[in-house]
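K.L.:
work-v8.cif is the file, holding mmCIF, C-alpha atoms:
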```
data_upload
#
loop_
_atom_site.label_atom_id
_atom_site.label_comp_id
_atom_site.auth_asym_id
_atom_site.auth_seq_id
_atom_site.Cartn_x
_atom_site.Cartn_y
_atom_site.Cartn_z
CA PHE A 1 6.85 0.11 -28.11
CA ILE A 2 7.21 0.41 -31.89
CA GLY A 3 5.73 3.66 -33.12
CA ASN A 4 6.41 7.36 -33.53
CA SER A 5 5.74 10.69 -31.82
CA TYR A 6 2.30 9.58 -30.61
CA THR A 7 4.27 7.24 -28.33
CA TYR A 8 7.29 9.36 -27.39
CA VAL A 9 5.52 12.70 -26.79
CA ASN A 10 5.13 13.16 -23.03
CA ASP A 11 6.90 9.80 -22.59
CA LEU A 12 4.00 7.36 -22.79
CA PRO A 13 6.17 4.33 -21.84
CA GLY A 14 7.49 6.14 -18.77
CA THR A 15 3.99 7.22 -17.75
CA LEU A 16 2.77 3.62 -18.00
CA TYR A 17 5.79 2.50 -15.97
CA GLN A 18 4.88 4.94 -13.17
CA LEU A 19 1.23 3.85 -13.21
CA ALA A 20 2.25 0.21 -12.98
CA LEU A 21 4.67 0.90 -10.13
CA ALA A 22 2.01 2.77 -8.16
CA GLY A 23 -0.42 -0.08 -8.81
CA GLY A 24 1.95 -2.65 -7.36
CA ASP A 25 3.09 -3.93 -10.74
CA THR A 26 6.37 -3.71 -12.61
CA ILE A 27 7.19 -3.45 -16.30
CA ILE A 28 10.48 -3.64 -18.16
CA TYR A 29 10.17 -1.74 -21.41
CA ASP A 30 12.04 -0.51 -24.44
CA SER A 31 10.97 1.46 -27.48
CA ASN A 32 11.87 2.62 -30.95
CA THR A 33 9.74 5.65 -31.78
CA VAL A 34 10.87 7.83 -34.66
CA GLY A 35 8.87 10.94 -35.59
CA GLY A 36 6.45 10.31 -38.47
CA TYR A 37 7.46 6.66 -38.80
CA THR A 38 5.15 4.10 -40.40
CA LEU A 39 5.14 0.37 -39.79
CA GLN A 40 6.53 0.03 -43.32
CA LEU A 41 9.61 2.02 -42.27
CA HIS A 42 9.86 0.04 -39.03
CA SER A 43 9.80 -3.22 -41.01
CA THR A 44 13.28 -2.45 -42.39
CA ASN A 45 14.63 -0.41 -39.46
CA ALA A 46 17.65 -2.19 -37.93
CA THR A 47 16.94 -0.84 -34.44
CA THR A 48 13.33 -2.01 -34.52
CA LEU A 49 14.29 -5.47 -35.75
CA TYR A 50 17.04 -5.81 -33.17
CA LYS A 51 14.80 -4.76 -30.27
CA ILE A 52 12.05 -7.19 -31.27
CA SER A 53 14.55 -10.05 -31.05
CA SER A 54 16.46 -8.78 -28.02
CA GLN A 55 14.46 -10.77 -25.44
CA PRO A 56 11.25 -12.80 -25.01
CA TRP A 57 8.75 -9.97 -24.56
CA ASP A 58 5.34 -10.45 -22.98
CA TYR A 59 3.92 -7.73 -25.23
CA VAL A 60 5.12 -5.80 -28.28
CA VAL A 61 3.12 -2.68 -29.12
CA LEU A 62 2.63 -1.69 -32.77
CA GLN A 63 1.51 1.87 -33.53
CA GLU A 64 0.92 2.84 -37.14
CA GLN A 65 1.38 6.41 -38.39
CA SER A 66 -1.67 8.31 -37.16
CA GLN A 67 -3.44 8.89 -40.50
CA ILE A 68 -2.87 5.68 -42.47
CA PRO A 69 -5.43 3.39 -40.74
CA SER A 70 -8.19 5.94 -41.46
CA PHE A 71 -7.51 5.96 -45.22
CA PRO A 72 -9.74 4.21 -47.80
CA PRO A 73 -9.77 0.42 -47.33
CA GLN A 74 -7.74 -0.28 -50.45
CA GLN A 75 -4.96 1.99 -49.16
CA VAL A 76 -5.12 0.45 -45.68
CA ASP A 77 -4.78 -2.95 -47.37
CA THR A 78 -1.50 -1.93 -48.99
CA MET A 79 -0.01 0.65 -46.60
CA PHE A 80 -0.86 -0.78 -43.15
CA TYR A 81 -1.80 -4.45 -43.10
CA PRO A 82 1.19 -6.05 -44.90
CA TYR A 83 3.71 -4.42 -42.56
CA ALA A 84 1.64 -5.14 -39.46
CA ILE A 85 1.53 -8.79 -40.55
CA PHE A 86 5.28 -8.86 -41.20
CA LEU A 87 6.20 -7.34 -37.84
CA ASP A 88 3.73 -9.62 -36.05
CA SER A 89 5.42 -12.62 -37.69
CA LEU A 90 8.82 -11.46 -36.43
CA ILE A 91 7.39 -10.95 -32.95
CA HIS A 92 6.11 -14.54 -32.83
CA ALA A 93 9.20 -15.97 -34.47
CA ASN A 94 11.18 -14.50 -31.59
CA ASP A 95 8.77 -15.92 -28.98
CA SER A 96 5.53 -17.67 -29.90
CA CYS A 97 3.95 -16.59 -26.59
CA THR A 98 4.49 -12.85 -27.06
CA GLN A 99 1.24 -10.96 -27.54
CA THR A 100 1.09 -8.27 -30.19
CA VAL A 101 -0.76 -5.17 -29.00
CA PHE A 102 -2.13 -2.73 -31.54
CA TYR A 103 -2.13 0.82 -30.20
CA MET A 104 -5.37 2.28 -31.60
CA THR A 105 -4.78 6.00 -31.95
CA TRP A 106 -7.40 8.76 -32.18
CA GLY A 107 -8.91 11.05 -34.77
CA ARG A 108 -7.51 14.55 -35.07
CA LYS A 109 -9.63 17.02 -33.18
CA TYR A 110 -11.04 18.65 -36.31
CA GLY A 111 -10.44 15.83 -38.76
CA ASP A 112 -7.60 15.31 -41.25
CA ALA A 113 -7.59 18.52 -43.27
CA SER A 114 -4.69 17.41 -45.46
CA ASN A 115 -6.59 14.39 -46.79
CA CYS A 116 -10.17 15.69 -46.57
CA ALA A 117 -10.46 16.52 -50.28
CA PHE A 118 -9.27 13.06 -51.30
CA TYR A 119 -11.34 11.04 -48.79
CA PRO A 120 -14.31 12.91 -47.24
CA PRO A 121 -14.86 10.50 -44.29
CA VAL A 122 -11.70 11.86 -42.63
CA CYS A 123 -12.90 15.47 -42.82
CA THR A 124 -14.30 15.18 -39.29
CA TYR A 125 -13.03 13.81 -36.03
CA ALA A 126 -15.87 11.26 -35.93
CA GLY A 127 -15.22 10.00 -39.46
CA MET A 128 -11.49 9.69 -38.90
CA GLN A 129 -12.02 7.93 -35.56
CA ALA A 130 -14.42 5.42 -37.12
CA GLY A 131 -11.83 4.53 -39.76
CA LEU A 132 -9.09 4.05 -37.18
CA ARG A 133 -11.31 1.85 -35.05
CA SER A 134 -12.34 -0.33 -37.98
CA SER A 135 -8.81 -0.86 -39.30
CA TYR A 136 -7.23 -1.65 -35.94
CA LEU A 137 -9.98 -4.10 -35.04
CA GLU A 138 -9.74 -5.81 -38.43
CA ILE A 139 -5.99 -6.38 -38.25
CA SER A 140 -6.09 -7.46 -34.62
CA ASP A 141 -8.84 -9.95 -35.38
CA SER A 142 -6.96 -11.46 -38.33
CA LEU A 143 -3.72 -11.79 -36.33
CA ARG A 144 -5.36 -12.90 -33.04
CA ALA A 145 -3.77 -9.85 -31.42
CA ILE A 146 -5.16 -7.50 -28.79
CA VAL A 147 -6.00 -3.81 -29.02
CA SER A 148 -5.28 -1.03 -26.55
CA PRO A 149 -8.17 1.29 -27.52
CA ALA A 150 -6.65 4.68 -26.71
CA GLY A 151 -8.70 6.30 -29.48
CA ILE A 152 -11.95 5.07 -27.96
CA SER A 153 -10.84 6.35 -24.56
CA PHE A 154 -10.34 9.76 -26.21
CA GLN A 155 -13.82 9.55 -27.72
CA ASN A 156 -15.45 8.52 -24.45
CA SER A 157 -13.63 11.23 -22.52
CA MET A 158 -14.72 13.99 -24.89
CA LEU A 159 -18.33 12.75 -24.81
CA ALA A 160 -18.30 12.77 -21.00
CA ASP A 161 -16.49 16.11 -20.50
CA SER A 162 -15.36 18.15 -23.50
CA ASN A 163 -13.67 20.69 -21.21
CA ILE A 164 -10.75 18.33 -20.54
CA ASN A 165 -8.36 19.03 -23.41
CA LEU A 166 -6.63 15.89 -24.68
CA TYR A 167 -4.79 17.59 -27.57
CA GLN A 168 -1.79 19.84 -28.01
CA THR A 169 -2.21 23.01 -30.05
CA ASP A 170 -1.66 21.09 -33.31
CA PHE A 171 -4.96 19.25 -32.55
CA SER A 172 -3.15 15.99 -33.24
CA HIS A 173 -0.57 15.05 -30.59
CA PRO A 174 -1.71 14.30 -27.04
CA SER A 175 -1.56 16.80 -24.22
CA ILE A 176 -0.35 15.68 -20.78
CA GLU A 177 -3.98 14.74 -20.07
CA GLY A 178 -4.14 12.80 -23.31
CA THR A 179 -0.95 10.84 -22.62
CA TYR A 180 -2.14 10.06 -19.10
CA LEU A 181 -5.42 8.72 -20.50
CA ILE A 182 -3.51 6.58 -23.02
CA ALA A 183 -1.28 5.20 -20.27
CA CYS A 184 -4.33 4.33 -18.15
CA THR A 185 -5.82 2.58 -21.19
CA PHE A 186 -2.64 0.54 -21.66
CA TYR A 187 -2.57 -0.30 -17.95
CA ALA A 188 -6.11 -1.70 -18.09
CA SER A 189 -5.38 -3.53 -21.37
CA VAL A 190 -2.15 -5.19 -20.24
CA PHE A 191 -2.82 -5.89 -16.56
CA ARG A 192 -6.63 -6.23 -16.90
CA LYS A 193 -6.94 -4.19 -13.74
CA THR A 194 -8.65 -0.90 -13.20
CA PRO A 195 -6.41 2.17 -13.01
CA ALA A 196 -9.11 3.87 -10.91
CA GLY A 197 -7.66 4.95 -7.58
CA ASN A 198 -4.05 4.74 -8.77
CA SER A 199 -1.88 7.13 -6.76
CA PHE A 200 0.27 8.24 -9.70
CA ILE A 201 -1.45 11.25 -11.27
CA SER A 202 1.46 12.83 -13.19
CA THR A 203 1.05 16.62 -13.11
CA LEU A 204 -2.75 16.48 -13.16
CA THR A 205 -5.18 17.50 -10.47
CA PRO A 206 -6.67 14.59 -8.49
CA VAL A 207 -10.11 15.31 -9.97
CA VAL A 208 -8.93 15.21 -13.60
CA ALA A 209 -6.74 12.14 -12.99
CA ALA A 210 -9.63 10.26 -11.37
CA PHE A 211 -11.90 11.16 -14.29
CA LEU A 212 -9.39 9.87 -16.86
CA GLN A 213 -8.68 6.74 -14.82
CA ASN A 214 -12.38 5.86 -14.82
CA ILE A 215 -12.79 6.58 -18.53
CA ALA A 216 -9.94 4.18 -19.35
CA ALA A 217 -11.23 1.53 -16.96
CA HIS A 218 -14.72 1.52 -18.46
CA THR A 219 -13.47 1.71 -22.05
CA VAL A 220 -11.28 -1.36 -21.65
CA LEU A 221 -12.71 -3.52 -18.90
CA ASP A 222 -16.35 -3.23 -19.93
CA SER A 223 -15.51 -4.48 -23.45
CA LEU A 224 -12.64 -6.98 -23.16
CA ASP A 225 -14.06 -9.16 -25.94
CA THR A 226 -14.29 -6.19 -28.30
CA TRP A 227 -10.58 -5.53 -27.91
CA HIS A 228 -9.77 -9.28 -28.04
CA ILE A 229 -8.19 -9.06 -24.58
CA GLY A 230 -8.00 -12.62 -23.29
CA THR A 231 -10.12 -13.88 -26.20
CA TYR A 232 -7.51 -16.33 -27.45
CA GLU A 233 -6.29 -17.52 -24.07
CA PRO A 234 -7.51 -20.64 -22.24
CA HIS A 235 -10.76 -20.27 -20.33
CA ALA A 236 -11.31 -23.13 -17.89
CA ALA A 237 -14.82 -24.44 -17.27
CA PHE A 238 -16.27 -27.87 -16.59
CA ALA A 239 -19.38 -29.87 -15.77
CA MET A 240 -19.82 -32.87 -13.46
CA ASN A 241 -21.64 -36.13 -14.11
CA GLN A 242 -22.32 -38.58 -11.26
CA LEU A 243 -21.63 -42.19 -12.28
CA THR A 244 -22.02 -43.97 -8.94
CA ALA A 245 -22.48 -42.89 -5.34
CA LEU A 246 -18.80 -41.88 -5.05
CA THR A 247 -17.58 -41.80 -8.66
CA TYR A 248 -17.93 -38.70 -10.82
CA GLN A 249 -16.96 -37.85 -14.36
CA PHE A 250 -15.67 -34.34 -15.09
CA ILE A 251 -16.26 -32.88 -18.52
CA SER A 252 -14.21 -29.93 -19.73
CA ASP A 253 -16.09 -27.04 -21.34
CA SER A 254 -12.86 -25.05 -21.68
CA LEU A 255 -11.97 -22.87 -24.64
CA ASN A 256 -8.58 -22.49 -26.36
CA ALA A 257 -6.97 -25.23 -24.27
CA SER A 258 -4.80 -28.11 -25.49
CA THR A 259 -4.02 -29.77 -22.15
CA HIS A 260 -6.14 -30.34 -19.06
CA TYR A 261 -5.25 -31.17 -15.46
CA TRP A 262 -7.48 -31.99 -12.49
CA SER A 263 -7.07 -31.94 -8.76
CA PHE A 264 -9.40 -33.01 -5.96
CA ASN A 265 -8.95 -31.26 -2.61
CA GLY A 266 -5.44 -30.29 -3.69
CA SER A 267 -4.38 -33.79 -4.73
CA ALA A 268 -3.33 -33.72 -8.37
CA THR A 269 -4.52 -36.58 -10.56
CA GLY A 270 -3.12 -35.50 -13.92
CA SER A 271 -5.37 -35.59 -16.94
CA SER A 272 -7.86 -38.19 -15.68
CA THR A 273 -11.49 -37.05 -15.99
CA THR A 274 -13.02 -39.73 -13.74
CA HIS A 275 -12.48 -39.87 -10.01
CA THR A 276 -13.76 -42.02 -7.17
CA PHE A 277 -13.91 -40.19 -3.85
CA PRO A 278 -13.01 -41.97 -0.59
CA GLY A 279 -16.34 -41.20 1.09
CA ASN A 280 -18.96 -38.61 1.84
CA GLY A 281 -17.87 -35.03 2.44
CA ASN A 282 -16.99 -31.68 0.89
CA TYR A 283 -14.52 -31.67 -2.00
CA THR A 284 -13.00 -28.90 -4.09
CA ILE A 285 -12.62 -29.82 -7.74
CA THR A 286 -10.04 -27.78 -9.66
CA HIS A 287 -9.61 -27.86 -13.42
CA ILE A 288 -6.51 -26.32 -15.02
CA ALA A 289 -6.78 -25.69 -18.76
CA CYS A 290 -3.61 -24.72 -20.65
CA ASN A 291 -2.26 -23.93 -24.05
CA ASP A 292 1.44 -23.70 -24.87
CA CYS A 293 1.76 -20.29 -23.22
CA THR A 294 -0.59 -19.91 -20.27
CA CYS A 295 -3.19 -21.61 -18.09
CA ASP A 296 -6.54 -20.79 -16.54
CA THR A 297 -8.12 -22.35 -13.45
CA SER A 298 -11.73 -23.09 -12.56
CA SER A 299 -12.94 -24.59 -9.26
CA GLN A 300 -16.25 -25.95 -7.99
CA ASN A 301 -17.32 -27.44 -4.68
CA LEU A 302 -18.82 -30.90 -4.58
CA PHE A 303 -20.77 -32.08 -1.52
CA ILE A 304 -21.29 -35.84 -1.49
CA THR A 305 -24.15 -36.44 0.90
CA PRO A 306 -24.43 -39.45 3.19
CA PHE A 307 -27.85 -40.51 1.95
CA SER A 308 -29.34 -42.69 -0.70
CA THR A 309 -32.05 -41.77 -3.16
CA ASN A 310 -33.88 -44.89 -1.98
CA ASP A 311 -34.28 -43.59 1.60
CA LEU A 312 -35.73 -40.12 1.53
CA ASP A 313 -38.30 -40.04 4.31
CA GLU A 314 -37.82 -37.67 7.22
CA LYS A 315 -35.34 -38.67 9.92
CA TYR A 316 -36.29 -37.40 13.38
CA ILE A 317 -37.45 -33.98 12.11
CA SER A 318 -40.87 -33.96 10.48
CA ILE A 319 -40.71 -31.99 7.21
CA ASP A 320 -43.82 -31.24 5.22
CA VAL A 321 -43.24 -30.00 1.68
CA LEU A 322 -46.56 -28.67 0.46
CA ARG A 323 -47.64 -29.19 -3.15
CA ASN A 324 -44.60 -31.31 -4.11
CA PRO A 325 -43.64 -31.30 -7.06
CA VAL A 326 -43.24 -27.53 -6.89
CA LYS A 327 -42.86 -24.64 -9.30
CA ASP A 328 -41.67 -21.07 -8.66
CA TYR A 329 -42.38 -21.29 -4.90
CA LEU A 330 -41.44 -23.80 -2.20
CA ALA A 331 -43.72 -24.08 0.86
CA ILE A 332 -42.30 -25.92 3.90
CA ARG A 333 -43.61 -26.66 7.37
CA ILE A 334 -41.50 -28.11 10.21
CA THR A 335 -43.64 -29.93 12.80
CA ASP A 336 -42.06 -30.00 16.27
CA ASP A 337 -44.43 -29.40 19.19
CA HIS A 338 -41.70 -29.62 21.83
CA PHE A 339 -39.52 -26.78 20.57
CA ARG A 340 -41.82 -24.07 19.33
CA ASN A 341 -39.22 -21.29 19.43
CA GLU A 342 -36.43 -23.16 17.73
CA ILE A 343 -35.11 -22.12 14.31
CA TYR A 344 -34.20 -24.95 11.96
CA SER A 345 -31.54 -24.62 9.28
CA GLY A 346 -32.35 -25.98 5.86
CA LYS A 347 -30.02 -26.52 2.92
CA LEU A 348 -31.15 -27.41 -0.58
CA PHE A 349 -28.81 -29.53 -2.74
CA ASP A 350 -28.93 -30.54 -6.38
CA LEU A 351 -28.21 -34.05 -7.64
CA PHE A 352 -24.48 -33.32 -7.71
CA GLY A 353 -24.52 -32.43 -4.03
CA ARG A 354 -24.00 -28.74 -4.73
CA GLN A 355 -25.73 -26.43 -2.28
CA VAL A 356 -28.10 -24.11 -4.14
CA MET A 357 -30.04 -22.49 -1.31
CA THR A 358 -30.02 -21.89 2.47
CA LEU A 359 -33.34 -21.69 4.33
CA ASN A 360 -34.32 -20.56 7.84
CA LEU A 361 -37.35 -22.56 8.98
CA PRO A 362 -39.35 -21.69 12.12
CA PRO A 363 -41.33 -24.64 13.55
CA ASN A 364 -45.07 -25.12 13.17
CA ARG A 365 -45.46 -22.47 10.53
CA GLU A 366 -45.63 -22.61 6.78
CA THR A 367 -42.71 -20.73 5.20
CA ILE A 368 -42.64 -19.88 1.51
CA PHE A 369 -39.48 -19.38 -0.57
CA SER A 370 -39.06 -18.26 -4.16
CA ILE A 371 -37.30 -20.90 -6.28
CA SER A 372 -37.95 -19.40 -9.72
CA PHE A 373 -34.19 -19.23 -10.31
CA LEU A 374 -33.81 -23.04 -10.01
CA ASP A 375 -33.69 -25.31 -13.04
CA ALA A 376 -36.26 -28.07 -13.28
CA GLY A 377 -35.06 -31.29 -11.67
CA THR A 378 -34.65 -33.21 -8.43
CA TYR A 379 -33.30 -31.60 -5.27
CA PHE A 380 -32.77 -32.69 -1.66
CA LEU A 381 -33.71 -30.64 1.40
CA ARG A 382 -31.66 -31.38 4.52
CA VAL A 383 -32.86 -29.81 7.78
CA THR A 384 -30.83 -29.70 11.01
CA ASN A 385 -31.03 -28.05 14.43
CA ASP A 386 -28.70 -27.37 17.34
CA ARG A 387 -29.84 -30.52 19.18
CA GLY A 388 -28.41 -32.78 16.51
CA LYS A 389 -31.71 -33.70 14.95
CA ASN A 390 -31.93 -33.85 11.18
CA GLY A 391 -34.37 -34.59 8.39
CA LEU A 392 -34.26 -35.17 4.65
CA ARG A 393 -36.83 -34.80 1.88
CA LYS A 394 -36.73 -35.08 -1.90
CA ILE A 395 -38.19 -32.13 -3.81
CA VAL A 396 -39.07 -32.14 -7.49
CA VAL A 397 -38.99 -28.76 -9.26
CA LEU A 398 -41.05 -28.44 -12.42
#
```
Write out the structure in this file as structure tokens.
P.N.:
Amino acid sequence: FIGNSYTYVNDLPGTLYQLALAGGDTIIYDSNTVGGYTLQLHSTNATTLYKISSQPWDYVVLQEQSQIPSFPPQQVDTMFYPYAIFLDSLIHANDSCTQTVFYMTWGRKYGDASNCAFYPPVCTYAGMQAGLRSSYLEISDSLRAIVSPAGISFQNSMLADSNINLYQTDFSHPSIEGTYLIACTFYASVFRKTPAGNSFISTLTPVVAAFLQNIAAHTVLDSLDTWHIGTYEPHAAFAMNQLTALTYQFISDSLNASTHYWSFNGSATGSSTTHTFPGNGNYTITHIACNDCTCDTSSQNLFITPFSTNDLDEKYISIDVLRNPVKDYLAIRITDDHFRNEIYSGKLFDLFGRQVMTLNLPPNRETIFSISFLDAGTYFLRVTNDRGKNGLRKIVVL
């Protein structure tokens, strides 16, 4: 943590440590937080520079002096951004995989009286908060960093229940409640897990702690893209294209990935995107997308069916699909005079063999199912019963 009294008051790092421990997580942390310090002062502070380079951190938190990011844009451009950029460069020079976290602070409860005459937008809490939000988001976007939106958690808390006091008597520094809310916000930002239900509640009542936990969870986890949390990391996704009966091509739709790996039912095949399966059956396709720092995994099931598109008449079970091709609704009748009370199980597959629907089908009665959620295309209905009988029909959805 690189900051000032907004970090060291009430021991924010220690509060986050306790939250993490109670949540089944562990953090190792250090800090340099000098009262009133700006990032400009930190940029030449020997202790700050040493601690940045002391080990390969997962995260380094940068907290600017509480007023500067709410100043006029031309002042923010000269007083905040250059030193944030410089410290971020040192962070990544030490370890290119470290993520810079900007600690978005909050507006003073009644605005910034000392600067109100010079810049009217900071005369109120709302105006000051808007400036802080804008500046922190701008610098985080330009540096591909993430934001821990403590200031927005403050705002959301006060909108939901103004009776919970987040400020000390100077209307600037956080109260115990305020620091706890900030720590919960950091917990959600760093671990991407909800702090709701966490057993560590500091000195707060269970009711107040639960309220603040939920505020932080919703502020962060409902808006991960806004705070750039995970935005620049790999996101694995892929599509499948059937080439032959048993050969499929896999097409990566991943973001922010430089290398790709595939496995089929747990058997790794490296970077190959085409695979021939040994026969019919169920297969799990796993795609691992990586950059130089981290990876993401996406899996899909593929069911290769033991039938040919050239042989689609019913087999043993008589299946009537009414009004085929169909649209919005699928009407099916199973004709079996010998087993009037039997329930037949139907499964609908797409052309890739992926199951898209399960159907219960009583015999000798028309049953109607909504299929409005299905894309237009060709599907296969397979019907089975407990006596080993089965049937197959092609269905065209318009």
K.L.:
Which is closer to Arg333 in chain A than all the others in A:Ala113, A:Leu137, A:Val321, A:Met79, using all atoms listed in the file?
P.N.:
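Counting all atoms listed in the file, the residue closest to Arg333 in chain A is A:Val321.
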K.L.:
Quick one: distance from CA of Gly23 in chain A to CA of Cys184 in chain A in Å, one decimal?
P.N.:
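If I compute the distance from CA of Gly23 in chain A to CA of Cys184 in chain A, I get 11.0 Å.
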K.L.:
A:Ala289, A:Leu361, A:Val122, A:Val356: which is nearest Phe380 in chain A, counting all atoms listed in the file?
P.N.:
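Smallest distance to Phe380 in chain A is found for A:Val356.
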K.L.:
May I ask for the distance between CA of Tyr261 in chain A and CA of Ile288 in chain A, given in Å to one decimal place?
P.N.:
5.0 Å
K.L.:
Measure the distance from CA of Phe250 in chain A to CA of Thr294 in chain A in Å and round it to one decimal.
P.N.:
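These atoms are spaced 21.5 Å apart.
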K.L.:
Decode the PyMOL selection byres ((chain A and resi 357) around 10) for the given file into explicit residues and return them as a PyMOL selection string.
P.N.:
chain A and resi 346-350+354-356+358-359+369+371+374+381
K.L.:
Can you pull out the residues contacting range 48-51 of chain A? Cut-off 9 Å, using all atoms listed in the file, and skip same-chain residues under 6 positions away; I want them as an MDAnalysis selection string.
P.N.:
chainID A and resid 2 30:33 42 87 90
K.L.:
Restricting the calculation to all atoms listed in the file, which member of A:Ala331, A:Leu12, A:Ala245, A:Val207 is positioned closest to Tyr180 in chain A?
P.N.:
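Looking at the shortest contact to Tyr180 in chain A, the residue is A:Leu12.
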K.L.:
Using the chain letters and numbers from the file, give me the residues hit by the PyMOL selection byres ((chain A and resi 27) around 10), as a PyMOL selection string.
P.N.:
chain A and resi 13-14+16-21+25-26+28-30+58
K.L.:
Can you tell me which residues surround Ser370 in chain A at a distance of at most 10 Å, considering all atoms listed in the file, apart from same-chain residues fewer than 6 positions away, and format the answer as a count of residues only?
P.N.:
5
K.L.:
Name all residues at most 12 Å from Leu204 in chain A (count only C-alpha atoms; drop same-chain ones fewer than 2 positions away) and give them as a PyMOL selection string.
P.N.:
chain A and resi 164-165+175-181+199-202+206-213
K.L.:
Go through A:Ala130, A:Ile395, A:Ala257, A:Ile319 one by one, measure the shortest atom-to-atom distance of each to Cys290 in chain A using all atoms listed in the file, and give the residue with the smallest value.
P.N.:
A:Ala257
K.L.:
Which is closest to Gly353 in chain A among A:Ser162, A:Gln300, A:Thr219, A:Gln129, if we use all atoms listed in the file?
P.N.:
A:Gln300
K.L.:
Tell me, as a ChimeraX atom specification, which residues lie within 10 Å of Val101 in chain A, counting only C-alpha atoms; anything in the same chain fewer than 5 positions away does not count.
P.N.:
/A:1,59-63,88,140,144-149,186,189-190,227-229
K.L.:
Using only C-alpha atoms for the distances, tell me which of A:Gly3, A:Pro362, A:Gly127, A:Gly391 is nearest to Tyr110 in chain A.
P.N.:
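Under the stated criterion, the closest residue is A:Gly127.
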K.L.:
The PyMOL selection byres ((chain A and resi 318) around 6) - which residues does that actually catch in the file I just gave you? List them as a ChimeraX atom specification.
P.N.:
/A:314,317,319,334-335
K.L.:
Please produce a file of the residues just selected, as a PDB file, in the coordinates of the input, where the atoms kept are C-alpha atoms.
P.N.:
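Okay, this is what ended up in selection-v2.pdb:
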```pdb
ATOM      1  CA  GLU A 314     -37.820 -37.670   7.220  1.00  0.00           C
ATOM      2  CA  ILE A 317     -37.450 -33.980  12.110  1.00  0.00           C
ATOM      3  CA  ILE A 319     -40.710 -31.990   7.210  1.00  0.00           C
ATOM      4  CA  ILE A 334     -41.500 -28.110  10.210  1.00  0.00           C
ATOM      5  CA  THR A 335     -43.640 -29.930  12.800  1.00  0.00           C
TER       6      THR A 335
END
```
K.L.:
Any idea what's packed within 9 Å of Gln249 in chain A, counting only C-alpha atoms, ignoring anything in its chain fewer than 2 positions away? Could you give it as a compact mmCIF listing (two decimals) with C-alpha atoms, in the frame of the given file?
P.N.:
```txt
# COMPACT_ATOMS: atom_id res chain seq x y z
CA ALA A 239 -19.38 -29.87 -15.77
CA MET A 240 -19.82 -32.87 -13.46
CA ASN A 241 -21.64 -36.13 -14.11
CA GLN A 242 -22.32 -38.58 -11.26
CA LEU A 243 -21.63 -42.19 -12.28
CA THR A 247 -17.58 -41.80 -8.66
CA ILE A 251 -16.26 -32.88 -18.52
CA THR A 273 -11.49 -37.05 -15.99
CA THR A 274 -13.02 -39.73 -13.74
CA HIS A 275 -12.48 -39.87 -10.01
CA THR A 276 -13.76 -42.02 -7.17
```
K.L.:
For the point (-6.9, 4.2, -27.3) in the file's frame, write as a list in words all residues with an atom no more than 6 Å away, counting only C-alpha atoms.
P.N.:
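Collected hits near the coordinates: Met104, Thr105, Ser148, Pro149, Ala150, Gly151, Ile152, Ser153 and Ile182 of chain A.
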